[in-house]
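One structure is given here, and the rest of the page talks about it.
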Amino acid sequence: MAELAELEDPRAREVNERHGDDHGVNLGKLRAIAKRLKTQQELAHELWDTGDTAGRLLALLVCRPKAFARDELDAMLREASAPKVQDWLVNYVVKKSPHAEELRVAWLEDPDPVVASAGWALTSERVVKVPRGLDLAGLLDVIEAEMKDAPDRLQWAMNTCLAQIGIEHPGHRARALETGERLQVLKDYPTSPGCTSPFAPAWINEMVRRKDGKDGQG
């Protein structure tokens, strides 16, 4: 923790706080510490228990994802107040856990929009990697009914799922594009030059164009 405190950069904190993350540690330097420490599950528990955002991010890099119990992961998500901690917990830990599917189903129905957004993030992963057994039409029904008025983080996660359904599943592409056009969610989101817009129709069309280009070359 002393080492992390020494890496605190006020300018980095200022930038991070705009996104709701209360830490000022450069993530490249944080990853370098994690690389040095390697996997240490007990240390990960101790770092998490500090409640410090930088400490928790480091914990997620040095932990053993499969060692956490289901209820432990559920509690960690609910305790994680910083968006970056929530994202890393889902992407670096829960996705590798044997409890991922059980948590996905439970979180998808949770009344807490942050918890529900984690359920949608796990659903997007399945849409891309293991779609068998998913009710894609049913997911599109929920997105059509709820995405427009959802809180920001939940809206973003549902929009990602909408885009991935459109990109990966040609049979549902027309509906995904029509839904995105009608709802107009993230239509005006500022996008850096060279980056793909998160507006679902633009995102779907660009990724399909790239895939088709690759297929044509192959």
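Simple scheme: letters A, B, ... for chains in structure tokens order, numbers from 1 for residues in each chain, numbers from 1 for ligands in the order shown.
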### Task
Excluding stretch 37-43 of chain A and any residue of its chain fewer than 4 positions from it, enumerate the residues within 7 Å of it, using only C-alpha atoms, and give them as number ranges by chain.
A: 33, 47, 62-64
### Message
List as an MDAnalysis selection string the protein and nucleic acid residues near stretch 168-182 of chain A, meaning an atom at most 10 Å away when only C-alpha atoms are counted, but skip any in the same chain fewer than 4 places from it.
### Response
chainID A and resid 127:129 131 136:137 140:141 143:144 147:148 159 161:164 186:187 199:205 207:208 211
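Neighbouring residues of A:Glu102 at 12 Å or closer, counting only C-alpha atoms and skipping chain neighbours under 6 positions away, are Ala69, Arg70, Asp71, Leu73, Asp74, Val94, Lys95, Leu108, Glu109, Gly119, Leu122 and Thr123 of chain A.
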## Note on the structure
Atom pair atom CA of A:Pro193 + atom CA of A:Asn91, distance 26.2 Å
#### Entry: Interatomic distance, atom CA of A:Asp52 to atom CA of A:Val90 (Å, one decimal)
18.0 Å
Residues near A:Asp112, cut-off 12 Å, only C-alpha atoms, skip fewer than 6 positions along chain, as a PDB file with C-alpha atoms, in the first residue's frame:
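Wrote it out as part-v3.pdb, contents follow:
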ATOM      1  CA  LEU A  77     -19.334  -6.692  -6.984  1.00  0.00           C
ATOM      2  CA  ARG A  78     -21.753  -5.045  -4.572  1.00  0.00           C
ATOM      3  CA  ALA A 106     -28.793 -13.913 -11.178  1.00  0.00           C
ATOM      4  CA  ALA A 118     -22.412  -6.934 -14.852  1.00  0.00           C
ATOM      5  CA  GLY A 119     -25.031  -9.521 -15.853  1.00  0.00           C
ATOM      6  CA  ALA A 150     -31.777   2.626 -18.262  1.00  0.00           C
ATOM      7  CA  PRO A 151     -29.132   4.313 -16.034  1.00  0.00           C
ATOM      8  CA  ARG A 153     -23.773   1.927 -16.893  1.00  0.00           C
ATOM      9  CA  LEU A 154     -26.685  -0.446 -17.461  1.00  0.00           C
TER      10      LEU A 154
END
